[in-house]
Structures are given as C-alpha cells and as structure tokens.
Amino acid sequence: MKRKFAELLMVLKSLLSRSNVKSELADRTAACRLDFGGGIMLDFVFVLPGKFLMGSKNNVYGGKPVHEVEITQPFYLGVTEVTQAQWEAVMGANPSYFKGATLPVENVSWEDCQVFIEKLNGKGLGTFRLPTEAEWEYSCRAGTTGDYTVKMDEMAWVRRNIGDTTSPVGTKEPNILGLHDMLGNVYEWCQDWYAPYNQDKQTDPKGAAVGSLRVVRGGWGGWGDTYLSSRMTYRCGNSPAGRDNLLGFRLVRERAEGTGVVVNSERAEGTGAVVNSERAEGTRPVVRLEFEQGTGAVSLDLGGGVILVLVLIRPGKFMMGSWRAIHGSPEHEVTISQPFYLGKYEVTQAQWQAVRGSNPSKFKGATLPVECVSWDDCQEFIEKLNGKGLGTFRLPTEAEWEYACRAGITDNYTRDIDEMAWHYNNSGKMTHPVGMKKANPWGLYDMLGNVMEWCQDSYVDYRQEMQIDPIGTWGFDCVLRGGCWFFSPIYCSAAFRAAAQPCSRSDFLGFRLVMMVQ
C-alpha cells in the first residue's frame, strides 16, 4: 500500500505542485472501394452484426409474420446497385434496356448475376455473392422499424418521381448506413430461394434449401409502380432465368477471416486514407479500403487473431478544460482541424504482446488493458507497430484525447460515471477487460477509468486564447488523462489532467493509439 501511494504521488506531483492547476459519437461503417481500372470504382459499406425484427404485420406480398433475426457476421454491401459500367468492365457487354454508364444494370437474371460474380471472384479482389434476403432487409432498415422509409421521395425512385426509366445510382439520399437506392430504381436479386417466413427466431437465415423462384427485394423504378412495392418489407420471387428491365442487383463482399488492413501511402486528392483490406504473403492486391471523414471504424489484424479497432474522429471545435482548478483551467476554445483514428479501446495485453512479444502488466489477462508501461515504453511499441506497414501510429495529443472523450458533451465528467468507468469505488482495486462499460457517444470505451492514458504532450499550463491543434512540446513530464481504477470518481473526468516522468511505470498507467489519416 505504501508503494501504491508513492506511485500515486508520483503521478500527481506536477498537478498538485502548481499554483494554477490545469485540465480537460452504427458503429459507423468503413467504406471499401474496388478499382476495376479505367476509373470504374465499386464502393461498399461495412455492415456490422446485429439483431432486428424482419417482416411486416401486413401480409401483402408475403411479408408476414414478423420474426426476430440475428446477423452474426459482418459483411461489405454495395453502396449502390451494380452499374452498367461495372457490369461491362467484368462481362464485356451491356444487356440493359435503358443505356447509361451510371444507370443500374438491368435485364439480368439471377443466373446472369452468378456468372458475373464468378468472373469477379476470379479477379483476386475478394469473395463476392448476392446478399441473403435477411442481410438485405437488415441493411435496408439500418436500425429503423416499420414498412416504409419516412422520406420516400427523397430516398427512392418510384412512379411519381422518376418517369418511364431508371435513374443514375446514388442520386437519391442514402439510408443511415450510407446505402443508396435500397428502395426503388430496380428490383434487387437476393441469394435465397423464395419461401414463406416462419415466426421462429433465426440466425443468419439463408432461405429455403430448394425452390423454383429466387427472392427479389426493394421495389423498382416506378415507371409502372407505386410506393406499395418500394417498402422495406416487400418481397416477391422470380424465375432464376428471368430477365426484365426492372431487375438488377447489388453485391456482398465477404470479410476475409484473419486478414489485416494495410494502409497504402498513396492518397488521392480529396479522399481519405487508402488501404488494402487483404494482404497475401508478398503481394499487394488491387482491392482497397477508403476511409473518408466520419465513416467509422477500421479493424487491423496484428496476427494470431488479435484485432485492433480504431474509430474515425472528425474535425471540430470544443471547449477544453474547466472552470474548476482541480480539473484544469482556464476553459478555452480548441479546434481539431484534421481527422484521425483513435483506438476504440485502451491497448490490451494481447495487442501489446502481439507487437512486443512480452507482457509487463501486473494484472494478467489478454483483454485487460496493458499497464506498467511508461511513455518511453509506448514510443518503442509504436515504433515497432509502425514497422509492420499497417499505418502511422502515435499517442493522441492531449487536445485530441479530450475532444474524443467529451464526444460533444460539455460536462467535465459524465453523469453516469458508474456505467462508463472503472474507478476506486467499483473496480475492486484492479483493472477490468476493456469494453465492459458503456461507450461514450462516439463509440469509445474506457476513456474514463480503468487505466490512466499517456498522451503525446509534455505537461504545460493552459492558455486562455483560442488554439488550433495544440500540443505541449516542452517540459519534463508527460500528460496523463482519464483517471483510473485506483482514483476517486471525481478524477475520472473529461477535464482532469495529471503528469508523470516519461520513464514512470505503474499498474494504473496505460494508453490508447491514434492512427493518422493519410
């Protein structure tokens, strides 16, 4: 206990010795872009697992009964219906009735789609297929309930707004996941055989084992229809060999097991970081993931199934610090001008060991935050991680840390601290697995409590004037933020700041990572 209090005093010495003490947002999705060459791109959205109520209370067009469905595996789904340009890039011909490079390909049967997919799978860009009917409705709903979207005219091409033709993909508003034309424009083939629903709870349903009709969803471009078929629950079947100028499709790209995400150093003007989603030994495939501002999370495979998840933090302004001296004053306006990825969780012992090959922590456990690491130790970890070719990593600046911790909230510490933080009163005097408490509004866990987190900055007094991307660049001690399992809840606040020497280690000192947007 004497050692523990000595370490606590070490951490707080810079804070308490100063006369003017200073201080302190489905699952979104990552976009994936395939390059067919010739400037023809195919974009995907990463859809995370979840549960939803599938079907409708209305039995019109086979939507009944409502039943619970669980999607257990993430997948990539096309942002738009497959276009004629994309079809022609793979197949060398265009079967569509309404011609236009950015129009959805139509007049294609389910069997034609399988031929297209077989050829696409042969290009080494990934494994593609049609969505299951459950995946389609889950993505179309995007967390909403009911049969219709509340913004039908804004989101769907239907009879009253389209005329007797299809329209270019992506020209209507997307749904919450960023998917365009899930309703209207053309019907979309699904992988399943058509069969009546049953009311049992289901996990990853794939339809009937056999049948004569394949499922189509989403309604069509209104040049002969109304809102009725452009519902999230509307379903019908068609012969797998059937072709019509109202039949199109979109693609699923399966997420490869155990693959990492490798950042490519090239960045096109006006785009986010371009990354490879798969990395075969000795190769750099064409497939790329492109992360734009505000799109969400990226998962990196450190090897052996150890995954590092980071959340995209968009630029913005906030009031940093607090009027209370103990939490850091003066309060001042700060602008974060550049996007960055921040670790969804504190770095775990499994992640540390995957990079460093050892585990310095006192409290042992693969999913516990790594601790007993100094600021200097973190820099060595980051240097090794940067050498893996996965991206450019660093510690967050103090301003980035507080901006992400606050997540738009102005209070100095959360009102539901017990639900969000492991602190002295509820921790049992030990660390706990990351991600067990409630996340903040930006999907970040354990920003308060569990372990204190090193920042890149040296500890310096705040200034009152407005600042842009501030970082403390001189001083003997390095900043620590967030409180920890050993601290009272009052110190687990968005504004509380402490410091320690860069060589200091303790079982309540850890960190989380920033990955720079290239």
# chains A, B, ... in the order shown; residues from 1 in each chain; ligands from 1

$ residues_around --residues "His423 in chain A" --least-positions-apart "5" --cutoff "12 Å" --atoms "only C-alpha atoms" --output "list in words"
Ile417, Asp418, Gly428, Lys429, Met430, Thr431, His432, Lys437, Asp446, Met447, Leu448, Gly449, Asn450, Val451, Met452, Gly482, Gly483, Cys484, Trp485, Phe486, Phe487, Ser488, Pro489, Ile490, Tyr491, Cys492, Ser493 and Phe508 of chain A

$ residues_around --residues "Val460 in chain A" --least-positions-apart "4" --cutoff "8 Å" --atoms "only C-alpha atoms" --output "list in words"
Gly472, Trp474 and Gly475 of chain A

$ write_last_selection --atoms "all heavy atoms" --output "PDB file, in the first residue's frame"
ATOM      1  N   GLY A 472       1.596  20.281 -26.258  1.00  0.00           N
ATOM      2  CA  GLY A 472       2.675  20.727 -25.373  1.00  0.00           C
ATOM      3  C   GLY A 472       3.988  20.110 -25.811  1.00  0.00           C
ATOM      4  O   GLY A 472       4.128  18.890 -25.830  1.00  0.00           O
ATOM      5  N   TRP A 474       7.265  21.133 -24.709  1.00  0.00           N
ATOM      6  CA  TRP A 474       8.424  21.227 -23.848  1.00  0.00           C
ATOM      7  C   TRP A 474       7.984  20.919 -22.417  1.00  0.00           C
ATOM      8  O   TRP A 474       6.819  21.043 -22.058  1.00  0.00           O
ATOM      9  CB  TRP A 474       9.044  22.620 -23.900  1.00  0.00           C
ATOM     10  CG  TRP A 474       8.103  23.721 -23.521  1.00  0.00           C
ATOM     11  CD1 TRP A 474       7.274  24.414 -24.339  1.00  0.00           C
ATOM     12  CD2 TRP A 474       7.863  24.222 -22.207  1.00  0.00           C
ATOM     13  NE1 TRP A 474       6.531  25.318 -23.637  1.00  0.00           N
ATOM     14  CE2 TRP A 474       6.880  25.227 -22.312  1.00  0.00           C
ATOM     15  CE3 TRP A 474       8.386  23.930 -20.944  1.00  0.00           C
ATOM     16  CZ2 TRP A 474       6.397  25.938 -21.222  1.00  0.00           C
ATOM     17  CZ3 TRP A 474       7.918  24.639 -19.844  1.00  0.00           C
ATOM     18  CH2 TRP A 474       6.931  25.638 -19.993  1.00  0.00           C
ATOM     19  N   GLY A 475       8.912  20.469 -21.596  1.00  0.00           N
ATOM     20  CA  GLY A 475       8.614  20.130 -20.214  1.00  0.00           C
ATOM     21  C   GLY A 475       9.243  18.797 -19.842  1.00  0.00           C
ATOM     22  O   GLY A 475       9.651  18.018 -20.703  1.00  0.00           O
TER      23      GLY A 475
END

$ residues_around --residues "Arg394 in chain A" --least-positions-apart "4" --cutoff "10 Å" --atoms "only C-alpha atoms" --output "ChimeraX atom specification"
/A:342,378-379,381-383,385-386,455-456,512-516

$ write_last_selection --atoms "N, CA and C atoms" --output "short mmCIF file (atom, residue, chain, number, x, y, z; two decimals), in the first residue's frame"
data_model
loop_
_atom_site.label_atom_id
_atom_site.label_comp_id
_atom_site.auth_asym_id
_atom_site.auth_seq_id
_atom_site.Cartn_x
_atom_site.Cartn_y
_atom_site.Cartn_z
N LEU A 342 -8.86 6.92 -33.59
CA LEU A 342 -8.49 6.72 -32.19
C LEU A 342 -8.93 5.33 -31.76
N CYS A 378 5.79 3.11 -24.49
CA CYS A 378 4.77 3.30 -25.53
C CYS A 378 5.41 3.72 -26.85
N GLN A 379 6.41 4.57 -26.78
CA GLN A 379 7.08 5.01 -28.01
C GLN A 379 7.78 3.84 -28.71
N PHE A 381 6.82 0.64 -28.47
CA PHE A 381 5.73 -0.15 -29.04
C PHE A 381 5.26 0.44 -30.36
N ILE A 382 5.08 1.76 -30.39
CA ILE A 382 4.60 2.45 -31.59
C ILE A 382 5.62 2.32 -32.72
N GLU A 383 6.89 2.43 -32.41
CA GLU A 383 7.92 2.29 -33.44
C GLU A 383 7.86 0.90 -34.08
N LEU A 385 5.19 -1.12 -34.13
CA LEU A 385 3.92 -1.21 -34.84
C LEU A 385 3.99 -0.49 -36.18
N ASN A 386 4.62 0.68 -36.20
CA ASN A 386 4.76 1.42 -37.46
C ASN A 386 5.60 0.65 -38.48
N CYS A 455 -0.58 10.65 -23.03
CA CYS A 455 -0.74 11.47 -24.23
C CYS A 455 0.64 11.85 -24.76
N GLN A 456 0.66 12.37 -25.97
CA GLN A 456 1.94 12.69 -26.62
C GLN A 456 2.62 13.90 -25.98
N ARG A 512 -3.89 4.45 -25.26
CA ARG A 512 -4.58 4.04 -26.48
C ARG A 512 -3.90 4.73 -27.65
N LEU A 513 -4.17 4.26 -28.85
CA LEU A 513 -3.43 4.70 -30.03
C LEU A 513 -4.22 5.63 -30.93
N VAL A 514 -3.50 6.49 -31.61
CA VAL A 514 -4.00 7.23 -32.77
C VAL A 514 -3.37 6.63 -34.02
N MET A 515 -4.19 6.42 -35.06
CA MET A 515 -3.66 6.14 -36.39
C MET A 515 -3.99 7.33 -37.28
N MET A 516 -2.98 7.87 -37.92
CA MET A 516 -3.16 9.07 -38.71
C MET A 516 -3.90 8.76 -40.01
#

$ residues_around --residues "Thr397 in chain A" --least-positions-apart "3" --cutoff "8 Å" --atoms "only C-alpha atoms" --output "mmCIF file with all heavy atoms, in the first residue's frame"
data_model
loop_
_atom_site.group_PDB
_atom_site.id
_atom_site.type_symbol
_atom_site.label_atom_id
_atom_site.label_comp_id
_atom_site.auth_asym_id
_atom_site.auth_seq_id
_atom_site.Cartn_x
_atom_site.Cartn_y
_atom_site.Cartn_z
ATOM 1 N N GLU A 400 -6.630 16.159 -28.615
ATOM 2 C CA GLU A 400 -7.363 15.100 -29.316
ATOM 3 C C GLU A 400 -8.044 14.175 -28.312
ATOM 4 O O GLU A 400 -9.194 13.760 -28.512
ATOM 5 C CB GLU A 400 -6.411 14.297 -30.200
ATOM 6 C CG GLU A 400 -5.906 15.047 -31.411
ATOM 7 C CD GLU A 400 -4.782 14.322 -32.127
ATOM 8 O OE1 GLU A 400 -4.108 13.458 -31.503
ATOM 9 O OE2 GLU A 400 -4.551 14.616 -33.313
ATOM 10 N N TRP A 401 -7.316 13.843 -27.239
ATOM 11 C CA TRP A 401 -7.878 12.950 -26.234
ATOM 12 C C TRP A 401 -9.143 13.546 -25.623
ATOM 13 O O TRP A 401 -10.183 12.886 -25.554
ATOM 14 C CB TRP A 401 -6.837 12.658 -25.139
ATOM 15 C CG TRP A 401 -7.293 11.589 -24.186
ATOM 16 C CD1 TRP A 401 -6.991 10.260 -24.233
ATOM 17 C CD2 TRP A 401 -8.175 11.765 -23.070
ATOM 18 N NE1 TRP A 401 -7.624 9.591 -23.224
ATOM 19 C CE2 TRP A 401 -8.365 10.484 -22.490
ATOM 20 C CE3 TRP A 401 -8.829 12.852 -22.510
ATOM 21 C CZ2 TRP A 401 -9.180 10.282 -21.375
ATOM 22 C CZ3 TRP A 401 -9.641 12.654 -21.392
ATOM 23 C CH2 TRP A 401 -9.802 11.387 -20.844
ATOM 24 N N CYS A 455 -0.577 10.647 -23.027
ATOM 25 C CA CYS A 455 -0.738 11.473 -24.226
ATOM 26 C C CYS A 455 0.636 11.853 -24.762
ATOM 27 O O CYS A 455 1.657 11.703 -24.073
ATOM 28 C CB CYS A 455 -1.548 12.738 -23.909
ATOM 29 S SG CYS A 455 -3.278 12.404 -23.510
ATOM 30 N N GLN A 456 0.664 12.367 -25.969
ATOM 31 C CA GLN A 456 1.936 12.690 -26.616
ATOM 32 C C GLN A 456 2.615 13.900 -25.980
ATOM 33 O O GLN A 456 3.839 14.008 -25.977
ATOM 34 C CB GLN A 456 1.709 12.940 -28.112
ATOM 35 C CG GLN A 456 2.965 13.117 -28.927
ATOM 36 C CD GLN A 456 3.825 11.857 -28.958
ATOM 37 O OE1 GLN A 456 3.327 10.748 -28.883
ATOM 38 N NE2 GLN A 456 5.138 12.025 -29.059
ATOM 39 N N ASP A 457 1.808 14.809 -25.413
ATOM 40 C CA ASP A 457 2.300 16.116 -24.972
ATOM 41 C C ASP A 457 3.164 16.062 -23.718
ATOM 42 O O ASP A 457 2.981 15.207 -22.848
ATOM 43 C CB ASP A 457 1.128 17.048 -24.629
ATOM 44 C CG ASP A 457 0.047 17.058 -25.660
ATOM 45 O OD1 ASP A 457 -0.401 15.970 -26.112
ATOM 46 O OD2 ASP A 457 -0.398 18.142 -26.021
ATOM 47 N N PRO A 470 -3.469 22.184 -30.609
ATOM 48 C CA PRO A 470 -2.366 22.447 -29.662
ATOM 49 C C PRO A 470 -1.671 21.168 -29.240
ATOM 50 O O PRO A 470 -2.269 20.093 -29.178
ATOM 51 C CB PRO A 470 -3.097 23.091 -28.478
ATOM 52 C CG PRO A 470 -4.474 22.505 -28.525
ATOM 53 C CD PRO A 470 -4.793 22.371 -29.989
ATOM 54 N N ILE A 471 -0.386 21.293 -28.917
ATOM 55 C CA ILE A 471 0.375 20.187 -28.337
ATOM 56 C C ILE A 471 1.493 20.777 -27.481
ATOM 57 O O ILE A 471 2.189 21.707 -27.902
ATOM 58 C CB ILE A 471 0.952 19.252 -29.427
ATOM 59 C CG1 ILE A 471 1.743 18.103 -28.772
ATOM 60 C CG2 ILE A 471 1.792 20.002 -30.438
ATOM 61 C CD1 ILE A 471 2.129 17.012 -29.725
#

$ residues_around --residues "range 130-133 of chain A" --least-positions-apart "6" --cutoff "9 Å" --atoms "only C-alpha atoms" --output "NGL selection string"
:A and (77 or 113-114 or 117 or 189-192 or 204-207 or 215-217 or 235 or 249-253)

$ select_by_dssp --residues "range 384-505 of chain A" --states "strand (DSSP E)" --output "MDAnalysis selection string"
chainID A and resid 393:394 452:458 467:468 478:481 497:500

$ write_last_selection --atoms "N, CA, C and O atoms" --output "short mmCIF file (atom, residue, chain, number, x, y, z; two decimals), in the first residue's frame"
data_model
loop_
_atom_site.label_atom_id
_atom_site.label_comp_id
_atom_site.auth_asym_id
_atom_site.auth_seq_id
_atom_site.Cartn_x
_atom_site.Cartn_y
_atom_site.Cartn_z
N PHE A 393 1.19 5.35 -36.58
CA PHE A 393 0.57 5.41 -35.27
C PHE A 393 1.35 6.35 -34.35
O PHE A 393 2.54 6.60 -34.55
N ARG A 394 0.66 6.84 -33.33
CA ARG A 394 1.26 7.69 -32.31
C ARG A 394 0.31 7.74 -31.13
O ARG A 394 -0.81 7.21 -31.19
N MET A 452 -5.08 5.08 -16.46
CA MET A 452 -4.77 6.40 -17.00
C MET A 452 -4.06 6.22 -18.33
O MET A 452 -3.34 5.24 -18.54
N GLU A 453 -4.24 7.19 -19.22
CA GLU A 453 -3.74 7.04 -20.58
C GLU A 453 -2.71 8.13 -20.89
O GLU A 453 -2.97 9.33 -20.74
N TRP A 454 -1.53 7.66 -21.33
CA TRP A 454 -0.48 8.59 -21.75
C TRP A 454 -0.92 9.37 -22.98
O TRP A 454 -1.55 8.82 -23.89
N CYS A 455 -0.58 10.65 -23.03
CA CYS A 455 -0.74 11.47 -24.23
C CYS A 455 0.64 11.85 -24.76
O CYS A 455 1.66 11.70 -24.07
N GLN A 456 0.66 12.37 -25.97
CA GLN A 456 1.94 12.69 -26.62
C GLN A 456 2.62 13.90 -25.98
O GLN A 456 3.84 14.01 -25.98
N ASP A 457 1.81 14.81 -25.41
CA ASP A 457 2.30 16.12 -24.97
C ASP A 457 3.16 16.06 -23.72
O ASP A 457 2.98 15.21 -22.85
N SER A 458 4.04 17.06 -23.63
CA SER A 458 4.61 17.44 -22.33
C SER A 458 3.56 18.25 -21.57
O SER A 458 2.73 18.93 -22.17
N GLN A 467 -7.09 28.06 -29.63
CA GLN A 467 -5.95 27.34 -30.18
C GLN A 467 -6.41 26.35 -31.24
O GLN A 467 -7.54 25.86 -31.21
N ILE A 468 -5.50 26.07 -32.18
CA ILE A 468 -5.76 25.09 -33.24
C ILE A 468 -4.72 23.98 -33.10
O ILE A 468 -3.51 24.23 -33.11
N CYS A 478 5.16 14.12 -18.87
CA CYS A 478 4.20 13.87 -19.96
C CYS A 478 2.79 13.76 -19.40
O CYS A 478 2.59 13.31 -18.27
N VAL A 479 1.83 14.14 -20.22
CA VAL A 479 0.44 14.24 -19.77
C VAL A 479 -0.18 12.85 -19.62
O VAL A 479 0.05 11.95 -20.42
N LEU A 480 -1.01 12.71 -18.58
CA LEU A 480 -1.84 11.53 -18.36
C LEU A 480 -3.29 11.97 -18.23
O LEU A 480 -3.57 13.00 -17.59
N ARG A 481 -4.22 11.20 -18.82
CA ARG A 481 -5.62 11.61 -18.79
C ARG A 481 -6.54 10.44 -18.43
O ARG A 481 -6.18 9.28 -18.55
N ARG A 497 -6.48 16.34 -15.56
CA ARG A 497 -5.18 16.07 -16.18
C ARG A 497 -4.13 15.90 -15.08
O ARG A 497 -4.14 16.58 -14.06
N ALA A 498 -3.22 14.99 -15.34
CA ALA A 498 -2.09 14.76 -14.44
C ALA A 498 -0.86 14.55 -15.30
O ALA A 498 -0.92 14.67 -16.53
N ALA A 499 0.26 14.23 -14.67
CA ALA A 499 1.50 14.06 -15.42
C ALA A 499 2.46 13.19 -14.64
O ALA A 499 2.36 13.02 -13.42
N ALA A 500 3.41 12.63 -15.36
CA ALA A 500 4.48 11.85 -14.74
C ALA A 500 5.69 11.89 -15.66
O ALA A 500 5.59 12.26 -16.83
#

$ atom_distance --atom1 "CA of Leu53 in chain A" --atom2 "CA of Trp136 in chain A"
12.8 Å

$ residues_around --residues "Gly100 in chain A" --least-positions-apart "3" --cutoff "10 Å" --atoms "only C-alpha atoms" --output "count of residues only"
12

$ residues_around --residues "Gly365 in chain A" --least-positions-apart "2" --cutoff "8 Å" --atoms "only C-alpha atoms" --output "ChimeraX atom specification"
/A:349-350,363,367-368,433

$ closest_residue --among "A:Pro174, A:Gly50, A:Gly316, A:Gly237" --to "Trp193 in chain A" --atoms "only C-alpha atoms"
A:Gly237

$ atom_distance --atom1 "CA of Gln86 in chain A" --atom2 "CA of Gln518 in chain A"
27.5 Å

$ atom_distance --atom1 "CA of His67 in chain A" --atom2 "CA of Val47 in chain A"
20.5 Å

$ closest_residue --among "A:Thr165, A:Thr410, A:Asn238, A:Thr102" --to "Glu331 in chain A" --atoms "only C-alpha atoms"
A:Thr410

$ select_by_dssp --residues "range 21-220 of chain A" --states "helix (DSSP H, G or I)" --output "PyMOL selection string"
chain A and resi 60-62+84-91+110-121+133-141+152-155+159-162

$ decode --residues "range 384-448 of chain A" --atoms "C-alpha atoms" --output "tab-separated table (two decimals), in the first residue's frame"
chain	number	residue	atom	x	y	z
A	384	LYS	CA	7.57	-1.50	-33.81
A	385	LEU	CA	3.92	-1.21	-34.84
A	386	ASN	CA	4.76	1.42	-37.46
A	387	GLY	CA	7.28	-1.02	-38.90
A	388	LYS	CA	4.52	-3.53	-39.70
A	389	GLY	CA	3.18	-1.47	-42.61
A	390	LEU	CA	-0.32	-1.15	-41.13
A	391	GLY	CA	-0.31	2.64	-40.89
A	392	THR	CA	1.29	5.53	-39.00
A	393	PHE	CA	0.57	5.41	-35.27
A	394	ARG	CA	1.26	7.69	-32.31
A	395	LEU	CA	-0.17	8.66	-28.95
A	396	PRO	CA	-3.06	11.16	-29.04
A	397	THR	CA	-2.36	14.76	-28.22
A	398	GLU	CA	-3.99	15.95	-25.05
A	399	ALA	CA	-6.43	18.04	-27.08
A	400	GLU	CA	-7.36	15.10	-29.32
A	401	TRP	CA	-7.88	12.95	-26.23
A	402	GLU	CA	-10.23	15.40	-24.51
A	403	TYR	CA	-12.11	16.18	-27.74
A	404	ALA	CA	-12.77	12.46	-28.29
A	405	CYS	CA	-13.56	11.85	-24.62
A	406	ARG	CA	-16.14	14.65	-24.50
A	407	ALA	CA	-17.74	13.49	-27.78
A	408	GLY	CA	-19.81	16.67	-27.90
A	409	ILE	CA	-20.63	16.70	-24.17
A	410	THR	CA	-19.85	19.85	-22.18
A	411	ASP	CA	-19.84	18.38	-18.66
A	412	ASN	CA	-16.44	17.82	-17.05
A	413	TYR	CA	-17.33	14.28	-16.08
A	414	THR	CA	-20.12	12.01	-17.14
A	415	ARG	CA	-23.33	11.94	-15.12
A	416	ASP	CA	-23.41	8.12	-15.31
A	417	ILE	CA	-19.83	7.56	-14.17
A	418	ASP	CA	-20.57	4.11	-12.67
A	419	GLU	CA	-21.93	2.90	-16.02
A	420	MET	CA	-18.96	4.25	-18.00
A	421	ALA	CA	-15.87	3.95	-15.79
A	422	TRP	CA	-13.97	1.58	-13.52
A	423	HIS	CA	-12.89	3.71	-10.55
A	424	TYR	CA	-11.89	3.26	-6.91
A	425	ASN	CA	-15.46	2.65	-5.71
A	426	ASN	CA	-16.37	-0.12	-8.17
A	427	SER	CA	-13.14	-1.63	-9.54
A	428	GLY	CA	-12.27	-3.99	-6.71
A	429	LYS	CA	-8.79	-2.42	-6.82
A	430	MET	CA	-7.85	-3.97	-10.16
A	431	THR	CA	-8.18	-3.40	-13.89
A	432	HIS	CA	-11.02	-4.93	-15.92
A	433	PRO	CA	-11.39	-6.18	-19.52
A	434	VAL	CA	-11.69	-3.31	-21.98
A	435	GLY	CA	-15.11	-2.52	-23.42
A	436	MET	CA	-17.15	-3.84	-20.48
A	437	LYS	CA	-18.55	-0.45	-19.50
A	438	LYS	CA	-20.84	1.79	-21.54
A	439	ALA	CA	-19.24	3.57	-24.52
A	440	ASN	CA	-19.31	7.33	-24.97
A	441	PRO	CA	-21.46	8.85	-27.78
A	442	TRP	CA	-18.66	8.29	-30.32
A	443	GLY	CA	-18.31	4.61	-29.51
A	444	LEU	CA	-15.12	4.86	-27.41
A	445	TYR	CA	-14.77	2.71	-24.31
A	446	ASP	CA	-12.92	3.32	-21.04
A	447	MET	CA	-11.97	6.91	-21.84
A	448	LEU	CA	-12.59	7.41	-18.13
